[in-house]
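Enquirer: Contents of target_36.pdb (PDB, C-alpha atoms):
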ATOM      1  CA  MET A 870      66.236 -12.794  63.159  1.00  0.00           C
ATOM      2  CA  ARG A 871      64.388 -11.233  60.218  1.00  0.00           C
ATOM      3  CA  SER A 872      65.054  -7.736  58.983  1.00  0.00           C
ATOM      4  CA  ILE A 873      61.980  -5.555  58.758  1.00  0.00           C
ATOM      5  CA  VAL A 874      61.407  -4.052  55.320  1.00  0.00           C
ATOM      6  CA  LYS A 875      59.523  -0.760  55.127  1.00  0.00           C
ATOM      7  CA  THR A 876      56.547  -0.832  52.799  1.00  0.00           C
ATOM      8  CA  TYR A 877      54.823   2.207  51.339  1.00  0.00           C
ATOM      9  CA  THR A 878      51.293   2.948  50.255  1.00  0.00           C
ATOM     10  CA  LEU A 879      50.949   4.557  46.843  1.00  0.00           C
ATOM     11  CA  GLU A 880      50.373   7.988  48.435  1.00  0.00           C
ATOM     12  CA  GLU A 881      53.344   7.643  50.829  1.00  0.00           C
ATOM     13  CA  ALA A 882      55.578   6.638  47.937  1.00  0.00           C
ATOM     14  CA  LYS A 883      54.370   9.599  45.844  1.00  0.00           C
ATOM     15  CA  ARG A 884      55.135  12.078  48.631  1.00  0.00           C
ATOM     16  CA  ARG A 885      58.550  10.568  49.314  1.00  0.00           C
ATOM     17  CA  ILE A 886      59.514  10.599  45.618  1.00  0.00           C
ATOM     18  CA  GLU A 887      58.194  14.163  45.236  1.00  0.00           C
ATOM     19  CA  ARG A 888      60.638  15.228  47.959  1.00  0.00           C
ATOM     20  CA  TYR A 889      63.392  13.174  46.291  1.00  0.00           C
ATOM     21  CA  CYS A 890      62.776  15.017  42.993  1.00  0.00           C
ATOM     22  CA  ALA A 891      62.366  18.434  44.631  1.00  0.00           C
ATOM     23  CA  TYR A 892      65.765  18.135  46.335  1.00  0.00           C
ATOM     24  CA  GLN A 893      67.600  18.054  42.990  1.00  0.00           C
ATOM     25  CA  GLU A 894      66.842  17.358  39.341  1.00  0.00           C
ATOM     26  CA  ARG A 895      66.426  13.647  38.618  1.00  0.00           C
ATOM     27  CA  CYS A 896      66.164  11.629  35.428  1.00  0.00           C
ATOM     28  CA  HIS A 897      63.493   8.968  34.873  1.00  0.00           C
ATOM     29  CA  GLU A 898      66.054   6.216  35.370  1.00  0.00           C
ATOM     30  CA  GLU A 899      67.091   7.447  38.848  1.00  0.00           C
ATOM     31  CA  VAL A 900      63.454   7.714  39.936  1.00  0.00           C
ATOM     32  CA  ARG A 901      62.599   4.269  38.561  1.00  0.00           C
ATOM     33  CA  LYS A 902      65.606   2.789  40.410  1.00  0.00           C
ATOM     34  CA  LYS A 903      64.620   4.536  43.668  1.00  0.00           C
ATOM     35  CA  LEU A 904      61.037   3.252  43.434  1.00  0.00           C
ATOM     36  CA  PHE A 905      62.329  -0.248  42.734  1.00  0.00           C
ATOM     37  CA  GLU A 906      64.540   0.000  45.856  1.00  0.00           C
ATOM     38  CA  MET A 907      61.400   1.021  47.780  1.00  0.00           C
ATOM     39  CA  ARG A 908      59.942  -2.315  46.606  1.00  0.00           C
ATOM     40  CA  MET A 909      57.140  -0.748  44.599  1.00  0.00           C
ATOM     41  CA  ILE A 910      55.420  -2.947  42.013  1.00  0.00           C
ATOM     42  CA  PRO A 911      55.782  -2.069  38.295  1.00  0.00           C
ATOM     43  CA  GLN A 912      52.194  -0.746  37.973  1.00  0.00           C
ATOM     44  CA  ALA A 913      52.733   1.574  40.960  1.00  0.00           C
ATOM     45  CA  ILE A 914      56.096   2.730  39.550  1.00  0.00           C
ATOM     46  CA  ASP A 915      54.452   3.671  36.241  1.00  0.00           C
ATOM     47  CA  GLU A 916      51.587   5.464  38.010  1.00  0.00           C
ATOM     48  CA  ILE A 917      53.983   7.446  40.223  1.00  0.00           C
ATOM     49  CA  ILE A 918      56.180   8.446  37.272  1.00  0.00           C
ATOM     50  CA  VAL A 919      53.111   9.695  35.372  1.00  0.00           C
ATOM     51  CA  HIS A 920      52.096  11.682  38.484  1.00  0.00           C
ATOM     52  CA  LEU A 921      55.602  13.212  38.722  1.00  0.00           C
ATOM     53  CA  LEU A 922      55.552  14.190  35.043  1.00  0.00           C
ATOM     54  CA  GLU A 923      52.065  15.737  35.290  1.00  0.00           C
ATOM     55  CA  HIS A 924      53.077  17.825  38.318  1.00  0.00           C
ATOM     56  CA  ASP A 925      56.451  18.818  36.813  1.00  0.00           C
ATOM     57  CA  PHE A 926      58.586  17.077  39.431  1.00  0.00           C
ATOM     58  CA  LEU A 927      60.259  15.160  36.610  1.00  0.00           C
ATOM     59  CA  ASN A 928      61.449  16.847  33.412  1.00  0.00           C
ATOM     60  CA  GLU A 929      64.235  15.321  31.333  1.00  0.00           C
ATOM     61  CA  GLU A 930      65.028  18.529  29.430  1.00  0.00           C
ATOM     62  CA  ARG A 931      65.454  20.414  32.705  1.00  0.00           C
ATOM     63  CA  PHE A 932      67.551  17.524  34.062  1.00  0.00           C
ATOM     64  CA  ALA A 933      69.832  17.543  30.989  1.00  0.00           C
ATOM     65  CA  LYS A 934      70.388  21.301  31.285  1.00  0.00           C
ATOM     66  CA  ALA A 935      71.152  21.144  35.014  1.00  0.00           C
ATOM     67  CA  PHE A 936      73.433  18.118  34.561  1.00  0.00           C
ATOM     68  CA  VAL A 937      75.447  19.782  31.782  1.00  0.00           C
ATOM     69  CA  ARG A 938      75.784  23.074  33.692  1.00  0.00           C
ATOM     70  CA  GLY A 939      76.838  21.318  36.901  1.00  0.00           C
ATOM     71  CA  LYS A 940      79.373  18.880  35.459  1.00  0.00           C
ATOM     72  CA  PHE A 941      80.850  21.461  33.092  1.00  0.00           C
ATOM     73  CA  ASN A 942      81.173  24.251  35.678  1.00  0.00           C
ATOM     74  CA  HIS A 943      82.359  22.130  38.600  1.00  0.00           C
ATOM     75  CA  LYS A 944      84.084  19.062  37.164  1.00  0.00           C
ATOM     76  CA  PHE A 945      85.178  20.650  33.859  1.00  0.00           C
ATOM     77  CA  TRP A 946      83.879  17.789  31.722  1.00  0.00           C
ATOM     78  CA  GLY A 947      84.049  18.069  27.944  1.00  0.00           C
ATOM     79  CA  LYS A 948      81.129  17.426  25.596  1.00  0.00           C
ATOM     80  CA  GLN A 949      82.093  13.809  24.882  1.00  0.00           C
ATOM     81  CA  ARG A 950      81.929  12.862  28.567  1.00  0.00           C
ATOM     82  CA  LEU A 951      78.700  14.819  29.070  1.00  0.00           C
ATOM     83  CA  ILE A 952      77.031  13.096  26.110  1.00  0.00           C
ATOM     84  CA  GLY A 953      78.174   9.668  27.281  1.00  0.00           C
ATOM     85  CA  GLU A 954      76.945  10.198  30.828  1.00  0.00           C
ATOM     86  CA  LEU A 955      73.556  11.488  29.643  1.00  0.00           C
ATOM     87  CA  LYS A 956      73.166   8.536  27.263  1.00  0.00           C
ATOM     88  CA  GLN A 957      73.977   6.204  30.145  1.00  0.00           C
ATOM     89  CA  ARG A 958      71.049   7.800  32.001  1.00  0.00           C
ATOM     90  CA  GLN A 959      68.856   7.112  28.947  1.00  0.00           C
ATOM     91  CA  ILE A 960      68.295  10.771  28.082  1.00  0.00           C
ATOM     92  CA  SER A 961      67.036  11.300  24.508  1.00  0.00           C
ATOM     93  CA  THR A 962      69.358  12.689  21.847  1.00  0.00           C
ATOM     94  CA  PHE A 963      67.005  15.667  21.492  1.00  0.00           C
ATOM     95  CA  ASN A 964      67.301  16.539  25.207  1.00  0.00           C
ATOM     96  CA  ILE A 965      71.073  15.984  25.147  1.00  0.00           C
ATOM     97  CA  LYS A 966      71.379  18.574  22.350  1.00  0.00           C
ATOM     98  CA  ILE A 967      69.228  21.028  24.305  1.00  0.00           C
ATOM     99  CA  GLY A 968      71.337  20.414  27.428  1.00  0.00           C
ATOM    100  CA  LEU A 969      74.581  21.091  25.557  1.00  0.00           C
ATOM    101  CA  LEU A 970      73.256  24.506  24.496  1.00  0.00           C
ATOM    102  CA  GLU A 971      73.859  25.560  28.120  1.00  0.00           C
ATOM    103  CA  ILE A 972      77.574  25.811  27.283  1.00  0.00           C
ATOM    104  CA  THR A 973      78.690  28.773  25.185  1.00  0.00           C
ATOM    105  CA  GLU A 974      81.516  28.215  22.709  1.00  0.00           C
ATOM    106  CA  GLU A 975      83.628  30.917  24.402  1.00  0.00           C
ATOM    107  CA  SER A 976      83.298  29.400  27.876  1.00  0.00           C
ATOM    108  CA  TYR A 977      83.951  25.905  26.460  1.00  0.00           C
ATOM    109  CA  ILE A 978      87.250  26.965  24.898  1.00  0.00           C
ATOM    110  CA  SER A 979      88.140  29.096  27.923  1.00  0.00           C
ATOM    111  CA  VAL A 980      87.613  26.223  30.401  1.00  0.00           C
ATOM    112  CA  PHE A 981      89.501  23.815  28.127  1.00  0.00           C
ATOM    113  CA  ASP A 982      92.445  26.216  27.921  1.00  0.00           C
ATOM    114  CA  MET A 983      92.488  26.803  31.697  1.00  0.00           C
ATOM    115  CA  LEU A 984      92.236  23.057  32.468  1.00  0.00           C
ATOM    116  CA  SER A 985      94.981  22.047  30.022  1.00  0.00           C
ATOM    117  CA  ARG A 986      97.389  24.764  31.227  1.00  0.00           C
ATOM    118  CA  LYS A 987      96.742  23.885  34.874  1.00  0.00           C
ATOM    119  CA  ARG A 988      97.352  20.168  34.229  1.00  0.00           C
ATOM    120  CA  ASN A 989     100.488  20.981  32.226  1.00  0.00           C
ATOM    121  CA  GLU A 990     101.839  22.927  35.239  1.00  0.00           C
ATOM    122  CA  GLN A 991     101.175  19.901  37.469  1.00  0.00           C
ATOM    123  CA  LEU A 992     103.248  17.748  35.114  1.00  0.00           C
ATOM    124  CA  GLN A 993     106.415  19.883  35.351  1.00  0.00           C
ATOM    125  CA  GLN A 994     108.295  17.127  37.215  1.00  0.00           C
ATOM    126  CA  GLU A 995     107.973  14.859  34.168  1.00  0.00           C
ATOM    127  CA  LYS A 996     111.153  15.399  32.119  1.00  0.00           C
ATOM    128  CA  ASN A 997     110.378  13.020  29.246  1.00  0.00           C
ATOM    129  CA  LYS A 998     108.521  15.128  26.658  1.00  0.00           C
ATOM    130  CA  PHE A 999     106.614  12.148  25.198  1.00  0.00           C
ATOM    131  CA  LYS A1000     105.451  10.823  28.579  1.00  0.00           C
ATOM    132  CA  LYS A1001     104.370  14.321  29.529  1.00  0.00           C
ATOM    133  CA  ARG A1002     102.395  14.684  26.295  1.00  0.00           C
ATOM    134  CA  LYS A1003     100.721  11.320  26.858  1.00  0.00           C
ATOM    135  CA  LYS A1004      99.790  12.157  30.456  1.00  0.00           C
ATOM    136  CA  LEU A1005      98.294  15.487  29.446  1.00  0.00           C
ATOM    137  CA  ALA A1006      96.382  13.989  26.506  1.00  0.00           C
ATOM    138  CA  ASP A1007      95.070  11.071  28.605  1.00  0.00           C
ATOM    139  CA  TYR A1008      93.893  13.444  31.322  1.00  0.00           C
ATOM    140  CA  LEU A1009      91.983  15.672  28.904  1.00  0.00           C
ATOM    141  CA  LEU A1010      90.514  12.771  26.917  1.00  0.00           C
ATOM    142  CA  TYR A1011      89.303  11.080  30.132  1.00  0.00           C
ATOM    143  CA  ARG A1012      87.498  14.296  31.015  1.00  0.00           C
ATOM    144  CA  GLY A1013      85.678  14.083  27.688  1.00  0.00           C
ATOM    145  CA  TRP A1014      87.358  16.740  25.591  1.00  0.00           C
ATOM    146  CA  GLU A1015      87.422  16.171  21.829  1.00  0.00           C
ATOM    147  CA  GLY A1016      90.535  14.536  20.404  1.00  0.00           C
ATOM    148  CA  ASN A1017      91.309  17.260  17.856  1.00  0.00           C
ATOM    149  CA  LEU A1018      91.238  19.947  20.598  1.00  0.00           C
ATOM    150  CA  VAL A1019      93.360  17.805  22.911  1.00  0.00           C
ATOM    151  CA  TYR A1020      96.094  16.942  20.428  1.00  0.00           C
ATOM    152  CA  ASP A1021      96.356  20.492  19.123  1.00  0.00           C
ATOM    153  CA  LYS A1022      96.670  21.830  22.695  1.00  0.00           C
ATOM    154  CA  VAL A1023      99.251  19.172  23.636  1.00  0.00           C
ATOM    155  CA  LYS A1024     101.415  20.166  20.657  1.00  0.00           C
ATOM    156  CA  GLU A1025     101.019  23.840  21.582  1.00  0.00           C
ATOM    157  CA  LEU A1026     101.922  23.407  25.279  1.00  0.00           C
ATOM    158  CA  ILE A1027     104.646  20.763  24.902  1.00  0.00           C
ATOM    159  CA  PRO A1028     106.497  21.471  21.618  1.00  0.00           C
TER     160      PRO A1028
END
How does this structure look as structure tokens?
Expert:
Amino acid sequence: MRSIVKTYTLEEAKRRIERYCAYQERCHEEVRKKLFEMRMIPQAIDEIIVHLLEHDFLNEERFAKAFVRGKFNHKFWGKQRLIGELKQRQISTFNIKIGLLEITEESYISVFDMLSRKRNEQLQQEKNKFKKRKKLADYLLYRGWEGNLVYDKVKELIP
């Protein structure tokens, strides 16, 4: 028994991808992958991406800003993690810098302080000072916070 694969005309694919992009901000890479999954040929993929750019469905600067705001405000990621994730999505260095401007220095430090204190409270059962320091540092580094901030905060919270 053969599985039936849905095929799309160029216009059907454009409309479907317009809805895909309108639902939430997308980067070029996500759209390209989605079109590939829809079994579109490379020429059609390029034509659709040009159409999306011309009609402002696709905008990498807008994507970078939305991505940074979302991941910082909801997942509390630091700049290192944000930069890495944006690079993985093939966002230009210029657009990454613009995206990072969405975070004010005050809110960055404030969120870092809140996150490190909260995690330190969760580690109260750990009696070994060095293990506790390592767990706190590993947690903050994994979330993408800069090493100098992390190690200074660890020394401050666990003397």
Enquirer: Determine the residue membership of the PyMOL selection byres ((chain A and resi 1012) around 12) for the file above and supply it as a PyMOL selection string.
Expert: chain A and resi 940-941+944-954+980-981+984-985+988+1005-1011+1013-1016+1019
Enquirer: List the neighbours of region 902-907 of chain A out to 9 Å using only C-alpha atoms; skip same-chain residues closer than 4 positions along the sequence, and give me the result as a ChimeraX atom specification.
Expert: /A:875-877,882,886,897-898,911,913-914,917
Enquirer: Leaving out Met983 (chain A) and any residue of its chain fewer than 6 positions from it, which residues lie within 12 Å of it when counting all atoms listed in the file, given as JSON, numbers by chain?
Expert: {"A": [945, 976, 977, 989, 990, 1009, 1022, 1026]}
Enquirer: Give the answer as one residue: which of A:Lys1004, A:Glu899, A:Ile1027, A:Met909 has the shortest atom-to-atom distance to Gln957 (chain A), using all atoms listed in the file?
Expert: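 Among A:Lys1004, A:Glu899, A:Ile1027, A:Met909, it is A:Glu899 that comes nearest to Gln957 (chain A).
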Enquirer: Distance CA of Asp915 (chain A)-CA of Gln893 (chain A), one decimal place?
Expert: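 Taking CA of Asp915 (chain A) as the start and CA of Gln893 (chain A) as the end point, the length is 20.6 Å.
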Enquirer: In terms of the shortest atom-to-atom distance over only C-alpha atoms, which of A:Arg884, A:Lys956, A:Arg938, A:His920 is closest to Cys896 (chain A)?
Expert: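 Among the listed residues, A:Lys956 lies closest to Cys896 (chain A).
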Enquirer: Could you tell me how far CA of Cys890 (chain A) lies from CA of Phe963 (chain A), in Å and to one decimal?
Expert: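 Distance between the two atoms: 21.9 Å.
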Enquirer: Using the chain letters and numbers from this file, what does the PyMOL selection byres ((chain A and resi 923-929) around 7) select? Give the answer as a list in words.
Expert: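 Answer for the PyMOL selection byres ((chain A and resi 923-929) around 7): Glu887, Cys890, Ala891, Arg895, Cys896, Val919, His920, Leu921, Leu922, Glu930, Arg931, Phe932, Ala933, Ile960 and Asn964 of chain A.
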Enquirer: Give me, please, the distance in Å between CA of Leu970 (chain A) and CA of Asp1021 (chain A), quoted to one decimal.
Expert: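 Rounded to one decimal, the two atoms are 24.1 Å apart.
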